[in-house]
Structure formats: C-alpha cells, structure tokens
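Undergrad: Supplied structure: data07.tsv, TSV, C-alpha atoms and all ligand atoms.
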```tsv
chain	number	residue	atom	x	y	z
B	1	MET	CA	0.00	0.00	0.00
B	2	PRO	CA	1.54	3.38	-0.94
B	3	LYS	CA	2.54	5.31	2.14
B	4	THR	CA	1.07	8.60	0.97
B	5	LYS	CA	-2.45	7.18	0.77
B	6	LEU	CA	-4.75	7.19	3.75
B	7	LYS	CA	-4.58	3.76	5.33
B	8	TYR	CA	-7.73	1.92	6.19
B	9	PHE	CA	-8.58	-1.56	7.30
B	10	ASN	CA	-11.95	-1.98	5.74
B	11	GLU	CA	-14.19	-0.08	3.38
B	12	MET	CA	-17.64	-0.37	1.91
B	13	SER	CA	-19.83	1.73	-0.30
B	14	VAL	CA	-23.49	1.46	-1.10
B	15	THR	CA	-25.71	3.44	-3.46
B	16	PHE	CA	-29.46	3.49	-3.03
B	17	SER	CA	-32.57	5.38	-4.15
B	18	ALA	CA	-33.52	8.56	-2.34
B	19	VAL	CA	-36.77	7.24	-0.88
B	20	SER	CA	-37.75	7.44	2.78
B	21	GLU	CA	-37.89	3.64	3.15
B	22	ASN	CA	-34.10	3.67	2.78
B	23	GLU	CA	-33.51	5.80	5.88
B	24	ALA	CA	-33.82	2.70	8.07
B	25	PHE	CA	-31.83	0.69	5.53
B	26	ALA	CA	-28.89	3.12	5.62
B	27	ARG	CA	-28.80	3.09	9.44
B	28	ALA	CA	-28.85	-0.67	9.52
B	29	VAL	CA	-26.05	-0.97	6.95
B	30	ALA	CA	-23.85	1.51	8.84
B	31	ALA	CA	-24.47	-0.18	12.19
B	32	SER	CA	-23.77	-3.60	10.77
B	33	PHE	CA	-20.51	-2.58	9.06
B	34	ILE	CA	-19.20	-0.78	12.14
B	35	SER	CA	-20.07	-3.63	14.47
B	36	GLU	CA	-16.73	-5.22	13.54
B	37	LEU	CA	-15.14	-2.64	15.88
B	38	ASP	CA	-17.40	-3.71	18.73
B	39	PRO	CA	-18.70	-0.20	19.49
B	40	LEU	CA	-20.53	0.74	22.67
B	41	VAL	CA	-24.32	0.71	22.48
B	42	SER	CA	-24.28	4.50	22.87
B	43	GLU	CA	-21.70	4.95	20.09
B	44	LEU	CA	-23.76	2.80	17.77
B	45	ALA	CA	-26.87	4.83	18.57
B	46	GLU	CA	-25.00	8.07	17.86
B	47	ILE	CA	-23.67	6.85	14.52
B	48	LYS	CA	-27.08	5.55	13.47
B	49	THR	CA	-28.64	8.91	14.33
B	50	ALA	CA	-25.99	10.90	12.46
B	51	VAL	CA	-26.36	8.68	9.37
B	52	SER	CA	-30.14	9.01	9.56
B	53	GLU	CA	-29.86	12.83	9.64
B	54	ALA	CA	-27.56	12.94	6.63
B	55	VAL	CA	-29.58	10.49	4.52
B	56	THR	CA	-32.88	12.16	5.44
B	57	ASN	CA	-31.49	15.52	4.32
B	58	CYS	CA	-30.70	14.07	0.90
B	59	ILE	CA	-34.23	12.71	0.59
B	60	VAL	CA	-36.09	15.70	2.03
B	61	HIS	CA	-34.00	18.58	0.66
B	62	ALA	CA	-31.48	17.57	-2.00
B	63	TYR	CA	-33.97	15.81	-4.27
B	64	ARG	CA	-37.02	17.87	-3.32
B	65	ASN	CA	-37.91	18.64	-6.94
B	66	ILE	CA	-35.73	16.06	-8.64
B	67	PRO	CA	-37.10	12.58	-9.34
B	68	ASN	CA	-35.09	9.33	-9.17
B	69	GLY	CA	-32.32	10.66	-6.98
B	70	SER	CA	-29.65	8.42	-5.56
B	71	ILE	CA	-27.51	8.55	-2.44
B	72	THR	CA	-24.06	7.05	-1.94
B	73	MET	CA	-22.76	6.15	1.50
B	74	LEU	CA	-19.12	5.19	1.95
B	75	ILE	CA	-17.73	3.97	5.25
B	76	ARG	CA	-14.10	3.35	6.15
B	77	LEU	CA	-12.73	1.81	9.29
B	78	LEU	CA	-9.42	3.61	9.84
B	79	PRO	CA	-6.57	2.88	12.26
B	80	ASP	CA	-7.06	3.62	15.93
B	81	ARG	CA	-10.78	2.89	15.82
B	82	ARG	CA	-11.63	5.85	13.64
B	83	VAL	CA	-14.77	5.64	11.59
B	84	TYR	CA	-15.08	7.71	8.42
B	85	ILE	CA	-18.51	8.16	6.84
B	86	LYS	CA	-19.16	10.00	3.60
B	87	ILE	CA	-22.71	10.61	2.37
B	88	ARG	CA	-23.18	12.16	-1.03
B	89	ASP	CA	-26.08	13.30	-3.20
B	90	LYS	CA	-26.34	14.83	-6.64
B	91	GLY	CA	-29.24	17.05	-5.73
B	92	CYS	CA	-29.87	20.79	-5.56
B	93	GLY	CA	-26.92	21.70	-3.33
B	94	ILE	CA	-26.76	24.26	-0.53
B	95	SER	CA	-26.09	27.91	-1.38
B	96	ASN	CA	-25.07	28.98	2.11
B	97	VAL	CA	-23.58	26.09	4.07
B	98	ALA	CA	-22.72	28.12	7.17
B	99	GLN	CA	-26.29	29.31	7.49
B	100	ALA	CA	-27.70	25.83	6.82
B	101	MET	CA	-25.62	24.46	9.67
B	102	GLU	CA	-26.94	26.91	12.21
B	103	PRO	CA	-29.20	25.25	14.78
B	104	LEU	CA	-32.92	25.74	14.04
B	105	PHE	CA	-32.31	26.92	10.48
B	106	THR	CA	-34.63	25.07	8.13
B	107	THR	CA	-36.07	25.67	4.69
B	108	ALA	CA	-38.95	23.28	5.36
B	109	PRO	CA	-40.74	24.40	8.56
B	110	GLU	CA	-44.14	23.53	7.09
B	111	GLU	CA	-43.09	19.89	7.03
B	112	GLU	CA	-42.30	19.94	10.74
B	113	ARG	CA	-38.55	19.95	10.20
B	114	ALA	CA	-36.86	21.26	13.33
B	115	GLY	CA	-33.66	22.51	11.70
B	116	LEU	CA	-31.57	20.38	14.01
B	117	GLY	CA	-30.12	17.75	11.70
B	118	PHE	CA	-26.69	19.37	11.43
B	119	ALA	CA	-26.62	20.11	15.16
B	120	VAL	CA	-27.29	16.42	15.89
B	121	MET	CA	-24.61	15.27	13.42
B	122	LYS	CA	-22.12	17.67	14.96
B	123	SER	CA	-22.75	16.64	18.51
B	124	PHE	CA	-22.80	12.89	17.81
B	125	THR	CA	-19.54	12.80	15.81
B	126	ASP	CA	-16.07	14.28	16.28
B	127	ARG	CA	-15.86	16.07	12.97
B	128	LEU	CA	-18.34	17.16	10.34
B	129	THR	CA	-17.40	18.70	7.01
B	130	VAL	CA	-19.85	19.73	4.31
B	131	LYS	CA	-18.98	20.51	0.72
B	132	SER	CA	-21.76	21.62	-1.53
B	133	SER	CA	-22.26	23.26	-4.85
B	134	VAL	CA	-25.58	24.54	-6.11
B	135	GLY	CA	-27.04	22.39	-8.86
B	136	LYS	CA	-24.42	19.67	-8.39
B	137	GLY	CA	-25.00	18.25	-4.96
B	138	THR	CA	-23.60	17.87	-1.49
B	139	ALA	CA	-20.93	15.67	0.09
B	140	LEU	CA	-20.82	15.35	3.82
B	141	VAL	CA	-18.08	13.67	5.84
B	142	MET	CA	-18.38	12.61	9.45
B	143	GLU	CA	-15.59	11.14	11.53
B	144	LYS	CA	-15.77	9.55	14.91
B	145	THR	CA	-13.19	7.76	17.04
B	146	LEU	CA	-14.64	4.91	19.03
B	147	GLN	CA	-13.58	4.31	22.60
B	148	GLU	CA	-10.99	1.66	23.29
B	149	ARG	CA	-12.43	-1.51	24.73
B	150	LEU	CA	-9.94	-2.88	27.19
B	151	GLU	CA	-12.02	-5.39	29.06
B	152	ARG	CA	-10.87	-8.27	26.85
B	153	GLU	CA	-7.30	-9.27	27.63
B	154	ASP	CA	-5.93	-11.44	24.86
B	155	ASN	CA	-4.28	-14.57	26.27
B	156	GLY	CA	-4.09	-12.96	29.68
B	157	SER	CA	-0.54	-11.73	28.94
B	158	SER	CA	0.78	-8.32	29.90
B	159	GLU	CA	-1.09	-5.51	28.18
B	160	ALA	CA	1.45	-2.90	29.21
B	161	ASN	CA	2.67	-1.97	25.74
B	162	SER	CA	-0.08	-3.34	23.60
B	163	SER	CA	-0.61	-1.40	20.43
B	164	ALA	CA	-3.88	-0.64	18.72
B	165	LYS	CA	-2.98	-3.40	16.29
B	166	SER	CA	-3.26	-6.16	18.85
B	167	ARG	CA	-6.85	-5.20	19.45
B	168	ARG	CA	-7.67	-5.61	15.83
B	169	LYS	CA	-7.50	-9.35	15.96
B	170	PRO	CA	-10.76	-10.88	14.90
B	171	ARG	CA	-12.81	-11.82	17.90
B	172	SER	CA	-14.51	-15.11	18.30
B	173	GLY	CA	-17.97	-14.82	19.73
B	174	THR	CA	-17.34	-17.26	22.55
B	175	PRO	CA	-15.99	-16.09	25.87
B	176	MET	CA	-12.65	-17.51	27.02
B	177	ARG	CA	-12.58	-20.26	29.62
B	178	GLN	CA	-11.62	-19.17	33.10
D	1	MET	CA	-47.62	2.30	15.40
D	2	VAL	CA	-49.31	4.42	18.07
D	3	VAL	CA	-51.41	2.99	20.91
D	4	PHE	CA	-53.83	5.36	22.63
D	5	SER	CA	-55.43	5.41	26.04
D	6	LEU	CA	-57.77	8.09	27.32
D	7	LYS	CA	-58.43	8.94	30.95
D	8	LYS	CA	-60.68	11.95	31.53
D	9	HIS	CA	-59.04	14.63	29.41
D	10	THR	CA	-55.60	13.06	29.33
D	11	LEU	CA	-54.68	11.25	26.15
D	12	THR	CA	-51.64	8.99	26.26
D	13	ALA	CA	-50.05	8.13	22.92
D	14	ALA	CA	-47.56	5.27	23.20
D	15	LEU	CA	-45.13	5.45	20.30
D	16	ASN	CA	-43.57	2.22	19.09
D	17	GLY	CA	-40.33	1.39	17.32
D	18	GLU	CA	-38.22	3.76	15.28
D	19	ILE	CA	-39.05	7.43	14.72
D	20	ASP	CA	-37.56	8.86	11.55
D	21	HIS	CA	-38.80	10.99	8.67
D	22	HIS	CA	-40.45	7.92	7.14
D	23	SER	CA	-42.39	6.78	10.22
D	24	ALA	CA	-43.05	10.22	11.76
D	25	MET	CA	-45.51	11.17	9.03
D	26	GLN	CA	-47.86	8.33	9.91
D	27	MET	CA	-47.48	8.85	13.67
D	28	ARG	CA	-48.36	12.51	13.24
D	29	THR	CA	-51.54	11.66	11.34
D	30	GLU	CA	-52.65	9.12	13.93
D	31	ILE	CA	-51.97	11.39	16.91
D	32	ASP	CA	-53.66	14.43	15.39
D	33	ARG	CA	-56.74	12.43	14.52
D	34	ALA	CA	-57.01	11.12	18.08
D	35	VAL	CA	-56.48	14.58	19.59
D	36	ARG	CA	-59.22	16.08	17.45
D	37	GLU	CA	-61.70	13.29	18.15
D	38	THR	CA	-62.11	14.01	21.88
D	39	PRO	CA	-61.56	16.99	24.16
D	40	VAL	CA	-57.98	16.61	25.38
D	41	SER	CA	-56.21	18.96	27.77
D	42	LEU	CA	-53.05	16.92	28.27
D	43	LEU	CA	-51.31	14.86	25.59
D	44	ILE	CA	-48.70	12.46	26.97
D	45	LEU	CA	-46.25	11.13	24.39
D	46	ASP	CA	-44.95	7.86	25.81
D	47	PHE	CA	-41.44	7.19	24.48
D	48	SER	CA	-40.69	4.09	26.54
D	49	ARG	CA	-41.03	1.76	23.53
D	50	VAL	CA	-39.14	3.94	21.09
D	51	THR	CA	-35.96	2.23	19.91
D	52	PHE	CA	-34.59	4.96	17.64
D	53	MET	CA	-35.20	8.65	17.09
D	54	ASP	CA	-33.56	11.38	15.01
D	55	SER	CA	-34.51	15.05	14.60
D	56	SER	CA	-37.74	13.97	12.88
D	57	GLY	CA	-38.91	13.02	16.38
D	58	ILE	CA	-38.13	16.52	17.60
D	59	GLY	CA	-40.25	17.91	14.77
D	60	LEU	CA	-43.01	15.50	15.74
D	61	VAL	CA	-43.06	16.66	19.36
D	62	MET	CA	-42.80	20.35	18.43
D	63	GLY	CA	-45.69	19.99	15.99
D	64	ARG	CA	-47.88	18.38	18.67
D	65	TYR	CA	-46.83	21.10	21.10
D	66	LYS	CA	-48.10	23.70	18.64
D	67	LEU	CA	-51.34	21.85	18.06
D	68	MET	CA	-52.02	21.44	21.78
D	69	SER	CA	-51.20	25.10	22.41
D	70	GLU	CA	-53.78	26.06	19.80
D	71	LEU	CA	-56.33	23.85	21.57
D	72	GLY	CA	-55.40	25.32	24.94
D	73	GLY	CA	-53.76	22.16	26.23
D	74	GLU	CA	-50.26	20.90	26.90
D	75	VAL	CA	-47.85	18.13	25.97
D	76	ALA	CA	-45.72	15.97	28.24
D	77	ILE	CA	-43.04	13.43	27.37
D	78	ALA	CA	-42.96	10.14	29.24
D	79	ASP	CA	-40.06	7.79	29.91
D	80	PRO	CA	-37.67	8.40	27.01
D	81	PRO	CA	-34.71	5.97	26.92
D	82	ALA	CA	-31.42	7.64	27.91
D	83	TYR	CA	-30.14	8.16	24.40
D	84	ILE	CA	-33.41	9.68	23.17
D	85	ALA	CA	-33.45	12.01	26.18
D	86	LYS	CA	-30.05	13.20	24.93
D	87	VAL	CA	-31.46	14.15	21.52
D	88	MET	CA	-34.31	15.98	23.28
D	89	ARG	CA	-31.95	17.92	25.53
D	90	LEU	CA	-29.92	18.94	22.49
D	91	SER	CA	-33.01	20.51	20.97
D	92	GLY	CA	-34.19	22.24	24.13
D	93	LEU	CA	-37.42	20.23	23.96
D	94	ASP	CA	-37.09	19.40	27.64
D	95	ARG	CA	-37.61	23.10	28.35
D	96	LEU	CA	-40.77	23.21	26.21
D	97	CYS	CA	-42.55	20.17	27.63
D	98	ARG	CA	-42.22	18.54	30.98
D	99	THR	CA	-41.00	14.98	31.28
D	100	VAL	CA	-43.11	12.58	33.31
D	101	SER	CA	-42.92	8.95	34.28
D	102	ILE	CA	-45.84	6.63	33.77
D	103	ALA	CA	-44.25	3.25	34.43
D	104	LYS	CA	-47.23	0.90	34.52
D	105	PRO	CA	-47.29	-2.47	36.28
D	106	LEU	CA	-48.33	-3.95	32.92
D	107	ASP	CA	-45.04	-2.88	31.37
D	108	LEU	CA	-42.61	-4.97	33.38
D	109	THR	CA	-40.68	-6.05	30.30
D	110	GLU	CA	-40.27	-2.44	29.27
D	111	VAL	CA	-38.74	-1.50	32.59
D	112	THR	CA	-36.17	-4.28	32.19
D	113	ASN	CA	-35.28	-3.03	28.72
D	114	ASN	CA	-34.75	0.49	29.96
D	115	ALA	CA	-32.48	-0.69	32.72
D	116	GLU	CA	-30.40	-2.52	30.14
D	117	ASN	CA	-30.07	0.53	27.93
D	118	LYS	CA	-28.79	2.63	30.75
D	119	ALA	CA	-26.16	0.09	31.82
S	201	LIG	N1	-28.19	17.36	1.25
S	201	LIG	C1	-28.77	18.57	1.23
S	201	LIG	N2	-29.10	19.15	0.04
S	201	LIG	C2	-29.69	20.37	0.00
S	201	LIG	N3	-29.99	21.09	1.10
S	201	LIG	C3	-29.69	20.59	2.31
S	201	LIG	C4	-29.06	19.31	2.44
S	201	LIG	N4	-28.86	19.06	3.75
S	201	LIG	C5	-29.33	20.14	4.41
S	201	LIG	N5	-29.83	21.07	3.56
S	201	LIG	C6	-30.37	22.40	3.92
S	201	LIG	O1	-29.90	22.72	5.22
S	201	LIG	C7	-31.00	23.00	6.10
S	201	LIG	C8	-30.67	22.55	7.51
S	201	LIG	O2	-30.54	21.13	7.58
S	201	LIG	P1	-30.83	20.38	8.97
S	201	LIG	O3	-30.72	18.94	8.76
S	201	LIG	O4	-29.97	21.00	10.03
S	201	LIG	O5	-32.33	20.81	9.29
S	201	LIG	P2	-33.67	20.29	8.58
S	201	LIG	O6	-33.38	19.11	7.73
S	201	LIG	O7	-34.29	21.45	7.92
S	201	LIG	O8	-34.54	19.86	9.83
S	201	LIG	P3	-34.38	18.50	10.71
S	201	LIG	O9	-33.09	17.85	10.27
S	201	LIG	O10	-34.33	18.95	12.11
S	201	LIG	O11	-35.57	17.68	10.40
S	201	LIG	C9	-32.19	22.31	5.47
S	201	LIG	O12	-33.40	22.91	5.83
S	201	LIG	C10	-31.89	22.46	3.97
S	201	LIG	O13	-32.26	23.74	3.51
S	202	MG	MG	-32.32	17.49	8.46
```
Render the structure in this file as structure tokens.
Ligand SMILES: Nc1ncnc2c1ncn2[C@@H]1O[C@H](COP(=O)(O)OP(=O)(O)OP(=O)(O)O)[C@@H](O)[C@H]1O
Ligand SMILES: [Mg+2]

TA:
Amino acid sequence: MPKTKLKYFNEMSVTFSAVSENEAFARAVAASFISELDPLVSELAEIKTAVSEAVTNCIVHAYRNIPNGSITMLIRLLPDRRVYIKIRDKGCGISNVAQAMEPLFTTAPEEERAGLGFAVMKSFTDRLTVKSSVGKGTALVMEKTLQERLEREDNGSSEANSSAKSRRKPRSGTPMRQ
Amino acid sequence: MVVFSLKKHTLTAALNGEIDHHSAMQMRTEIDRAVRETPVSLLILDFSRVTFMDSSGIGLVMGRYKLMSELGGEVAIADPPAYIAKVMRLSGLDRLCRTVSIAKPLDLTEVTNNAENKA
C-alpha cells in the first residue's frame, strides 16, 4: 500500500434510491458494518442517528424537486478505531452552508422539520465537514473515534505496551474459559 | 404504530419502534386524529417503547406542542430511553414540555429493557 495514501482496514460503499424507506436501511447498513469494531451501544446509537440525519437531508432537501435521486454512502474503518462516513447526493446543493448548519435553520418548517439535523450530526460525531455546490449536490463527511475496549485481555498476557494493532484481531464470539 | 389510552381529558399516545422521517408522518396523522376526536387537555407522548429517534422526532413533538397550544392544552413526554433524552436535551425540547414517568405495572418487560439501555 503506498505510504502517501490514507490507510484503512476496511471499506464499503453502497448506493441506493432517495426514498424514505431507505432511511432505516442506511442506518442498519452503517451499524452492521461498524459492528466489527465492537462499538458501545451508545456509540452505535450516535452513529445511526448521524447517518439518519444525513440520509434524510438528501431525501427531504437535495432531491425535493428532482425525481429518481440516488444517495451514496461510503464507510471506512481507519486505524485507531476511527470511523469515516461519507454521504453524497447529486441534488440541488446548498447555497449557504454556514447558514444551513446553524441550529434551528430550516427551509422546510411547514413539514415539521426542526432545523436540528446538522446540530445532531455535529454533537454525535467528532468532525463534520460539508462541501456543496448549487445544482451539483452535497458531500458530507463525518468522523468519529470509538472508545478503546480494554475489558478483553488477549491470552491474559501483559497488556502494558499493547498497540492498537493487537486489538484488531478478529474476535470469536465465545468467551474464554476461566 | 401508536397505541392510545384516554383517561378523563388526558390522552396517552404510546409510540412504538423507530421514529424517523419515514415513520413520523404516519405517527403525526394518527396522533392528530385522536387529539381532534375528543376533548384533550393533556397529551402524553410515551417514548418508553421507542428504539430509535432522530430530529424527525423533535419535529413530531414540536408539531404536537403547537397543536395542543392552539387547543389550549399541553404536551408531556414520558419515559424516554437515555439516548433519546439526549437528543431531546440537544433541541431544548425538555424546556418546552415537561417529562413525566408513567411506568405501569403492565409494562414490566419495558422497565427491564430500559435498565439494560442505561447500563
Ligand atoms: N443534502 C442537502 N441538500 C440540499 N440542502 C440541504 C441538504 N442538507 C441540508 N440542507 C439544507 O440545510 C437545512 C438545515 O438542515 P438540517 O438537517 O440541520 O435541518 P432540517 O433538515 O431542515 O430539519 P431537521 O433535520 O431537524 O428535520 C435544510 O433545511 C436544507 O435547507
Ligand atoms: Mg435534516
């Protein structure tokens, strides 16, 4: 692997139609892919919520007047338990991203949108970046580092200088004998 | 998706499963129909059986808050799981509606589930 490229352990990408049925689908796919890292229940809930916000925005806003839209979600599991999620649409785009990201700002109040999607994504991930161009679409990247899970001591040997790598061993589902 | 119970002028709407943009539309229709059918002064939205919620749920509560205000009543939120309470705090919803507990003896399984979520 070339050293200059971003290193990752696992990657997946899925493209699906911009219909509201797929909001639950996208959450389930993200949760299932990330489960390899054995996240906490709360971390999983936060990631599912952030993904749901991003995908819903594509469906509700990006393709508002555009039929047959599609959404692409790419997830990478990076070193040190970092999760990288990119969600992209080819919809209408956002003319003023800073304003759109302000809490309570919404262009669809009549549909009972609260204007809190970006605020939720921000608070449930470590980093949120939005790139958008009007008429072309929006790409949104969220990154989150999952907490280390130390409760499982491999082989019971000293963990003093264990690296992140040692925790990346595949886990068997069965608990070790005492 | 929504189970209703009416006691005097208090209507309890127990929401079930996942609340997102897709499911919120139907929940909204069901709740609004029930509210308009009988005189209701307090609408309790029971969140104890909700397993997922994004900002669409915030919109759902805010919309019902508006409707009940128009009708001269109020809205309360009952027993949200810890993680959903977090989304509500983020939105300031907890300052708009009070949170109540209506743990019923019937719902023993539900209580166990909540305890698990918090652990
Ligand atoms: N993918 C997108 N394409 C076009 N516009 C978008 C996109 N995502 C967000 N927006 C714009 O940014 C605004 C704010 O988005 P945000 O998710 O914070 O709130 P909302 O979707 O309006 O309400 P809520 O998410 O609380 O239901 C939206 O109202 C919309 O105008
Ligand atoms: Mg949104």

Undergrad: Please find the residues of chain D near chain B - the criterion being any atom within 12 Å, counting all atoms listed in the file - and write them as a PyMOL selection string.

TA: chain D and resi 17-25+28+51-67+81-84+86-93+116-119

Undergrad: One decimal, Å: what's the distance from atom CA of B:Val14 over to atom CA of B:Ser32, could you say?

TA: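 Straight-line distance from atom CA of B:Val14 to atom CA of B:Ser32 works out to 12.9 Å.
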
Undergrad: Which polymer residues, whether protein, DNA or RNA, lie within 9 Å of the coordinate (-31.0, 3.3, -3.1) when you count only C-alpha atoms? List them as a PyMOL selection string, using the chain letters and numbers from the file.

TA: chain B and resi 14-19+22+26+69-72

Undergrad: Quick check, in Å to one decimal: how far apart do atom CA of D:Asn16 and atom CA of D:Val50 lie?

TA: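 So the answer is 5.2 Å.
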
Undergrad: Select, from B:Cys92, B:Ser13, B:Tyr8, B:Leu44, the residue with the minimum atom-to-atom distance to B:Arg27, counting all atoms listed in the file.

TA: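 Once distances to B:Arg27 are computed over all atoms listed in the file, the minimum belongs to B:Leu44.
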
Undergrad: What's the separation between atom CA of B:Thr145 and atom CA of B:Ala28, in Å to one decimal place?

TA: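 For atom CA of B:Thr145 relative to atom CA of B:Ala28, the distance reads 19.3 Å.
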
Undergrad: Using all atoms listed in the file, which of the listed residues (B:Leu140, B:Gln147, B:Val55, B:Tyr84) sits closest to ligand MG 202 (chain S)?

TA: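 Under the stated criterion, the closest residue is B:Val55.
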
Undergrad: Please identify all polymer residues within 8 Å of stretch 38-42 of chain D, counting all atoms listed in the file, omitting same-chain residues fewer than 4 positions from it, and present them as a list in words.

TA: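 Using all atoms listed in the file, the neighbours found are His9, Thr10, Leu11, Ala34, Met68, Leu71, Gly72, Gly73, Glu74, Val75 and Ala76 of chain D.
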
Undergrad: Could the residues in this selection be written to a file with C-alpha atoms, as a tab-separated table (two decimals), in the coordinates of the input?

TA:
```tsv
chain	number	residue	atom	x	y	z
D	9	HIS	CA	-59.04	14.63	29.41
D	10	THR	CA	-55.60	13.06	29.33
D	11	LEU	CA	-54.68	11.25	26.15
D	34	ALA	CA	-57.01	11.12	18.08
D	68	MET	CA	-52.02	21.44	21.78
D	71	LEU	CA	-56.33	23.85	21.57
D	72	GLY	CA	-55.40	25.32	24.94
D	73	GLY	CA	-53.76	22.16	26.23
D	74	GLU	CA	-50.26	20.90	26.90
D	75	VAL	CA	-47.85	18.13	25.97
D	76	ALA	CA	-45.72	15.97	28.24
```

Undergrad: For ligand LIG 201 (chain S), which residue among B:Arg88, B:Arg127, B:Arg76, B:Arg82 is the nearest when counting all atoms listed in the file?

TA: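 Of the candidates, the smallest distance to ligand LIG 201 (chain S) is held by B:Arg88.
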